[in-house]
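Peer 1: Sharing query.pdb, PDB, C-alpha atoms:
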```pdb
ATOM      1  CA  MET A 502       0.000   0.000   0.000  1.00  0.00           C
ATOM      2  CA  GLY A 503       2.855   2.402   0.840  1.00  0.00           C
ATOM      3  CA  LEU A 504       4.323   2.016  -2.627  1.00  0.00           C
ATOM      4  CA  ASP A 505       0.906   2.598  -4.193  1.00  0.00           C
ATOM      5  CA  ILE A 506       0.472   5.942  -2.428  1.00  0.00           C
ATOM      6  CA  GLY A 507       3.847   7.280  -3.515  1.00  0.00           C
ATOM      7  CA  ALA A 508       6.641   5.838  -1.381  1.00  0.00           C
ATOM      8  CA  ASP A 509       9.871   4.937  -3.190  1.00  0.00           C
ATOM      9  CA  ASP A 510      10.795   2.201  -0.749  1.00  0.00           C
ATOM     10  CA  TYR A 511       9.959   0.810   2.671  1.00  0.00           C
ATOM     11  CA  ILE A 512      11.495  -1.334   5.384  1.00  0.00           C
ATOM     12  CA  VAL A 513       9.661  -3.859   7.521  1.00  0.00           C
ATOM     13  CA  LYS A 514      10.413  -4.466  11.176  1.00  0.00           C
ATOM     14  CA  PRO A 515      12.707  -5.835  12.457  1.00  0.00           C
ATOM     15  CA  PHE A 516      15.456  -4.194  10.422  1.00  0.00           C
ATOM     16  CA  SER A 517      19.132  -3.534  10.847  1.00  0.00           C
ATOM     17  CA  PRO A 518      20.748  -0.089  10.740  1.00  0.00           C
ATOM     18  CA  ASN A 519      22.967  -1.374   7.913  1.00  0.00           C
ATOM     19  CA  GLU A 520      19.893  -2.112   5.794  1.00  0.00           C
ATOM     20  CA  VAL A 521      18.502   1.387   6.423  1.00  0.00           C
ATOM     21  CA  MET A 522      21.792   2.990   5.373  1.00  0.00           C
ATOM     22  CA  ALA A 523      22.088   0.769   2.270  1.00  0.00           C
ATOM     23  CA  ARG A 524      18.565   1.698   1.149  1.00  0.00           C
ATOM     24  CA  LEU A 525      19.261   5.379   1.784  1.00  0.00           C
ATOM     25  CA  ARG A 526      22.436   5.217  -0.319  1.00  0.00           C
ATOM     26  CA  ALA A 527      20.475   3.499  -3.118  1.00  0.00           C
ATOM     27  CA  VAL A 528      17.886   6.317  -3.157  1.00  0.00           C
ATOM     28  CA  LEU A 529      20.638   8.940  -3.222  1.00  0.00           C
ATOM     29  CA  ARG A 530      22.320   7.190  -6.158  1.00  0.00           C
ATOM     30  CA  ARG A 531      19.051   7.353  -8.101  1.00  0.00           C
ATOM     31  CA  MET A 532      18.824  11.111  -7.628  1.00  0.00           C
ATOM     32  CA  THR A 533      20.393  13.240 -10.312  1.00  0.00           C
ATOM     33  CA  ARG A 534      22.856  15.975  -9.428  1.00  0.00           C
ATOM     34  CA  ALA A 535      20.257  18.613 -10.374  1.00  0.00           C
ATOM     35  CA  ASP A 536      17.765  17.018  -7.943  1.00  0.00           C
ATOM     36  CA  ARG A 537      20.302  17.162  -5.107  1.00  0.00           C
ATOM     37  CA  GLU A 538      21.119  20.817  -5.866  1.00  0.00           C
ATOM     38  CA  LYS A 539      17.415  21.774  -5.891  1.00  0.00           C
ATOM     39  CA  ILE A 540      16.884  20.150  -2.499  1.00  0.00           C
ATOM     40  CA  SER A 541      19.866  21.876  -0.925  1.00  0.00           C
ATOM     41  CA  GLU A 542      18.877  25.295  -2.350  1.00  0.00           C
ATOM     42  CA  LYS A 543      15.357  25.449  -0.978  1.00  0.00           C
ATOM     43  CA  ASN A 544      14.372  25.528   2.652  1.00  0.00           C
ATOM     44  CA  GLU A 545      12.386  22.340   3.043  1.00  0.00           C
ATOM     45  CA  ASN A 546      10.693  23.579   6.197  1.00  0.00           C
ATOM     46  CA  ILE A 547       9.000  26.656   4.716  1.00  0.00           C
ATOM     47  CA  LEU A 548       6.135  26.360   2.245  1.00  0.00           C
ATOM     48  CA  THR A 549       4.763  29.444   0.499  1.00  0.00           C
ATOM     49  CA  ILE A 550       1.681  29.417  -1.720  1.00  0.00           C
ATOM     50  CA  GLY A 551       0.249  32.824  -2.588  1.00  0.00           C
ATOM     51  CA  ASN A 552      -0.342  34.666   0.693  1.00  0.00           C
ATOM     52  CA  LEU A 553       0.071  31.467   2.741  1.00  0.00           C
ATOM     53  CA  GLU A 554       3.331  30.679   4.512  1.00  0.00           C
ATOM     54  CA  ILE A 555       3.787  27.591   6.661  1.00  0.00           C
ATOM     55  CA  ASN A 556       7.017  27.267   8.642  1.00  0.00           C
ATOM     56  CA  LEU A 557       7.412  23.725   9.930  1.00  0.00           C
ATOM     57  CA  GLU A 558      10.611  24.602  11.816  1.00  0.00           C
ATOM     58  CA  GLU A 559       8.814  27.156  13.969  1.00  0.00           C
ATOM     59  CA  TYR A 560       5.331  25.582  13.678  1.00  0.00           C
ATOM     60  CA  THR A 561       3.824  28.842  12.481  1.00  0.00           C
ATOM     61  CA  LEU A 562       1.340  29.729   9.772  1.00  0.00           C
ATOM     62  CA  HIS A 563       0.891  33.208   8.293  1.00  0.00           C
ATOM     63  CA  ILE A 564      -1.763  34.405   5.867  1.00  0.00           C
ATOM     64  CA  GLY A 565      -0.884  37.722   4.252  1.00  0.00           C
ATOM     65  CA  GLY A 566       1.615  38.406   7.024  1.00  0.00           C
ATOM     66  CA  GLN A 567      -0.976  37.758   9.768  1.00  0.00           C
ATOM     67  CA  ARG A 568      -0.051  34.934  12.118  1.00  0.00           C
ATOM     68  CA  ILE A 569      -2.800  32.385  12.699  1.00  0.00           C
ATOM     69  CA  ALA A 570      -2.493  30.474  15.989  1.00  0.00           C
ATOM     70  CA  LEU A 571      -2.803  26.750  15.283  1.00  0.00           C
ATOM     71  CA  THR A 572      -2.177  23.552  17.215  1.00  0.00           C
ATOM     72  CA  LYS A 573       0.623  21.157  16.267  1.00  0.00           C
ATOM     73  CA  LYS A 574      -1.787  18.771  14.498  1.00  0.00           C
ATOM     74  CA  GLU A 575      -3.482  21.633  12.634  1.00  0.00           C
ATOM     75  CA  ILE A 576      -0.104  22.866  11.339  1.00  0.00           C
ATOM     76  CA  GLU A 577       0.880  19.326  10.328  1.00  0.00           C
ATOM     77  CA  THR A 578      -2.484  18.788   8.621  1.00  0.00           C
ATOM     78  CA  MET A 579      -2.146  22.055   6.726  1.00  0.00           C
ATOM     79  CA  TRP A 580       1.462  21.233   5.738  1.00  0.00           C
ATOM     80  CA  THR A 581       0.467  17.790   4.474  1.00  0.00           C
ATOM     81  CA  LEU A 582      -2.408  19.130   2.389  1.00  0.00           C
ATOM     82  CA  ALA A 583      -0.669  22.279   1.079  1.00  0.00           C
ATOM     83  CA  SER A 584       2.553  20.505   0.137  1.00  0.00           C
ATOM     84  CA  ASN A 585       0.518  18.212  -2.147  1.00  0.00           C
ATOM     85  CA  PRO A 586      -1.929  20.537  -3.961  1.00  0.00           C
ATOM     86  CA  LYS A 587      -4.843  18.821  -5.700  1.00  0.00           C
ATOM     87  CA  LYS A 588      -3.953  15.436  -4.155  1.00  0.00           C
ATOM     88  CA  VAL A 589      -6.917  13.936  -2.335  1.00  0.00           C
ATOM     89  CA  PHE A 590      -6.110  12.512   1.095  1.00  0.00           C
ATOM     90  CA  THR A 591      -8.521  10.024   2.609  1.00  0.00           C
ATOM     91  CA  ARG A 592      -9.208  10.245   6.312  1.00  0.00           C
ATOM     92  CA  ASP A 593      -7.171   7.060   6.742  1.00  0.00           C
ATOM     93  CA  ASN A 594      -4.216   8.586   4.825  1.00  0.00           C
ATOM     94  CA  LEU A 595      -4.230  11.598   7.145  1.00  0.00           C
ATOM     95  CA  LEU A 596      -4.655   9.485  10.275  1.00  0.00           C
ATOM     96  CA  ASP A 597      -1.739   7.251   9.302  1.00  0.00           C
ATOM     97  CA  SER A 598       0.620  10.064   8.336  1.00  0.00           C
ATOM     98  CA  LEU A 599      -0.246  12.490  11.166  1.00  0.00           C
ATOM     99  CA  TRP A 600      -1.319  10.296  14.086  1.00  0.00           C
ATOM    100  CA  GLY A 601       0.581   7.114  13.157  1.00  0.00           C
ATOM    101  CA  TYR A 602      -0.408   3.615  12.140  1.00  0.00           C
ATOM    102  CA  ASP A 603      -1.073   2.532  15.697  1.00  0.00           C
ATOM    103  CA  TYR A 604      -3.693   5.263  16.332  1.00  0.00           C
ATOM    104  CA  VAL A 605      -6.808   3.645  17.757  1.00  0.00           C
ATOM    105  CA  GLY A 606      -9.326   6.523  17.486  1.00  0.00           C
ATOM    106  CA  ASP A 607     -12.077   7.262  15.015  1.00  0.00           C
ATOM    107  CA  THR A 608     -11.477   8.561  11.463  1.00  0.00           C
ATOM    108  CA  ARG A 609     -13.862  11.423  12.301  1.00  0.00           C
ATOM    109  CA  THR A 610     -11.002  12.905  14.325  1.00  0.00           C
ATOM    110  CA  VAL A 611      -9.713  14.206  11.005  1.00  0.00           C
ATOM    111  CA  ASP A 612     -13.057  15.878  10.292  1.00  0.00           C
ATOM    112  CA  SER A 613     -12.976  17.653  13.659  1.00  0.00           C
ATOM    113  CA  HIS A 614      -9.438  18.913  13.100  1.00  0.00           C
ATOM    114  CA  VAL A 615     -10.207  20.132   9.572  1.00  0.00           C
ATOM    115  CA  LYS A 616     -13.371  21.896  10.809  1.00  0.00           C
ATOM    116  CA  ARG A 617     -11.399  23.758  13.506  1.00  0.00           C
ATOM    117  CA  LEU A 618      -8.570  24.470  11.052  1.00  0.00           C
ATOM    118  CA  ARG A 619     -10.980  25.983   8.504  1.00  0.00           C
ATOM    119  CA  ALA A 620     -12.600  28.171  11.190  1.00  0.00           C
ATOM    120  CA  LYS A 621      -9.209  29.577  12.160  1.00  0.00           C
ATOM    121  CA  LEU A 622      -8.083  30.070   8.542  1.00  0.00           C
ATOM    122  CA  ASP A 623     -11.310  31.918   7.723  1.00  0.00           C
ATOM    123  CA  LYS A 624     -10.293  34.699  10.140  1.00  0.00           C
ATOM    124  CA  ALA A 625      -7.940  35.973   7.412  1.00  0.00           C
ATOM    125  CA  GLU A 626      -8.561  36.648   3.720  1.00  0.00           C
ATOM    126  CA  HIS A 627      -7.226  33.730   1.704  1.00  0.00           C
ATOM    127  CA  ALA A 628      -8.445  34.074  -1.861  1.00  0.00           C
ATOM    128  CA  GLY A 629      -6.581  31.777  -4.215  1.00  0.00           C
ATOM    129  CA  TRP A 630      -6.544  28.617  -2.105  1.00  0.00           C
ATOM    130  CA  ASP A 631      -8.753  26.587   0.207  1.00  0.00           C
ATOM    131  CA  ILE A 632      -9.185  23.189   1.834  1.00  0.00           C
ATOM    132  CA  ALA A 633     -11.771  21.362  -0.243  1.00  0.00           C
ATOM    133  CA  THR A 634     -13.896  18.418   0.811  1.00  0.00           C
ATOM    134  CA  VAL A 635     -14.106  15.533  -1.626  1.00  0.00           C
ATOM    135  CA  TRP A 636     -17.371  13.984  -0.493  1.00  0.00           C
ATOM    136  CA  GLY A 637     -17.112  10.346   0.490  1.00  0.00           C
ATOM    137  CA  VAL A 638     -13.317  10.407   0.143  1.00  0.00           C
ATOM    138  CA  GLY A 639     -11.493  13.048   2.184  1.00  0.00           C
ATOM    139  CA  TYR A 640      -9.784  16.420   1.734  1.00  0.00           C
ATOM    140  CA  LYS A 641      -7.449  18.251  -0.615  1.00  0.00           C
ATOM    141  CA  PHE A 642      -5.671  21.578  -0.812  1.00  0.00           C
ATOM    142  CA  GLU A 643      -7.121  23.408  -3.773  1.00  0.00           C
ATOM    143  CA  ILE A 644      -5.585  26.365  -5.555  1.00  0.00           C
ATOM    144  CA  THR A 645      -8.472  28.438  -6.893  1.00  0.00           C
ATOM    145  CA  GLU A 646      -8.711  31.203  -9.450  1.00  0.00           C
ATOM    146  CA  ASN A 647      -8.833  34.745  -8.116  1.00  0.00           C
ATOM    147  CA  LYS A 648     -12.054  36.305  -9.376  1.00  0.00           C
TER     148      LYS A 648
END
```
Would you write the structure of this file as structure tokens?

Peer 2:
Amino acid sequence: MGLDIGADDYIVKPFSPNEVMARLRAVLRRMTRADREKISEKNENILTIGNLEINLEEYTLHIGGQRIALTKKEIETMWTLASNPKKVFTRDNLLDSLWGYDYVGDTRTVDSHVKRLRAKLDKAEHAGWDIATVWGVGYKFEITENK
């Protein structure tokens, strides 16, 4: 399943540190020099889309320069959605990536977090992007046309 949703590789438990390092070296060999230069040039912890800026290092989110106070999970949810525009995440995808595979709660936890996140984001003008609901599936970060 991990490979189907976009992972390049995975390791099953139990594993040895030597296997982890060997797999990491194999991924790095597959990267081109241009890919490595692009990664080192950009700050991987800051995402900017229009008037939205998410800083994962500082766990802050700004819309048009205005800081929006969010919880850790709300920032992580926003980062996950915004860093993959147009990709639809099921509730299970978000639960697994944000809460972990061993999370025992209800998938509606995601709905509650997204509802609170939207309420906080709506305090600032954010034309050009939004969190969209894909009924019966989940959520996606949608870049919209400014009208």

Peer 1: Tell me which residues come within 12 Å of (-5.3, 17.9, 3.4), as a PyMOL selection string, counting only C-alpha atoms in the file's coordinates.

Peer 2: chain A and resi 574-596+598-599+611-612+614-616+618-619+631-635+638-643

Peer 1: For Arg531 in chain A, which of A:Asp509, A:His627, A:Gly551, A:Leu504 is the closest residue, counting only C-alpha atoms?

Peer 2: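 Counting only C-alpha atoms, the residue closest to Arg531 in chain A is A:Asp509.
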
Peer 1: Which of these residues is nearest to Gly565 in chain A, using all atoms listed in the file: A:Ala628, A:Leu529, A:Ala508, A:Val521?

Peer 2: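 Using all atoms listed in the file, Gly565 in chain A sits closest to A:Ala628.
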
Peer 1: One decimal, in Å: what's the spacing between CA of Ile547 in chain A and CA of Ile506 in chain A?

Peer 2: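 About the pair CA of Ile547 in chain A and CA of Ile506 in chain A: they are 23.5 Å apart.
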
Peer 1: Can you pull out every residue within 12 Å of Ala625 in chain A, counting only C-alpha atoms, but drop anything in the same chain fewer than 2 positions away, and send it as a PyMOL selection string?

Peer 2: chain A and resi 552-553+562-570+619-623+627-628+631

Peer 1: If I take CA of Glu559 in chain A and CA of Glu626 in chain A, how far is one from the other in Å, to one decimal?

Peer 2: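 According to the coordinates, CA of Glu559 in chain A and CA of Glu626 in chain A are separated by 22.3 Å.
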
Peer 1: Counting only C-alpha atoms, figure out which residue out of A:Val528, A:Thr549, A:Ala523, A:Lys624 gets nearest to Asp510 in chain A.

Peer 2: A:Val528

Peer 1: Could you tell me how far CA of Thr572 in chain A sits from CA of Leu557 in chain A, in Å to one decimal place?

Peer 2: 12.0 Å

Peer 1: Written as a PyMOL selection string, which residues does the PyMOL selection byres ((chain A and resi 644) around 6) give for the file shown?

Peer 2: chain A and resi 629-630+643+645

Peer 1: Would you mind telling me which residue in A:Arg530, A:Lys573, A:Arg524, A:Arg617 lies nearest to Trp600 in chain A when using only C-alpha atoms?

Peer 2: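 Selected residue with least distance to Trp600 in chain A: A:Lys573.
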
Peer 1: Counting only C-alpha atoms, which of A:Asp505, A:Glu545, A:Thr610, A:Ser517 gets nearest to Glu558 in chain A?

Peer 2: A:Glu545
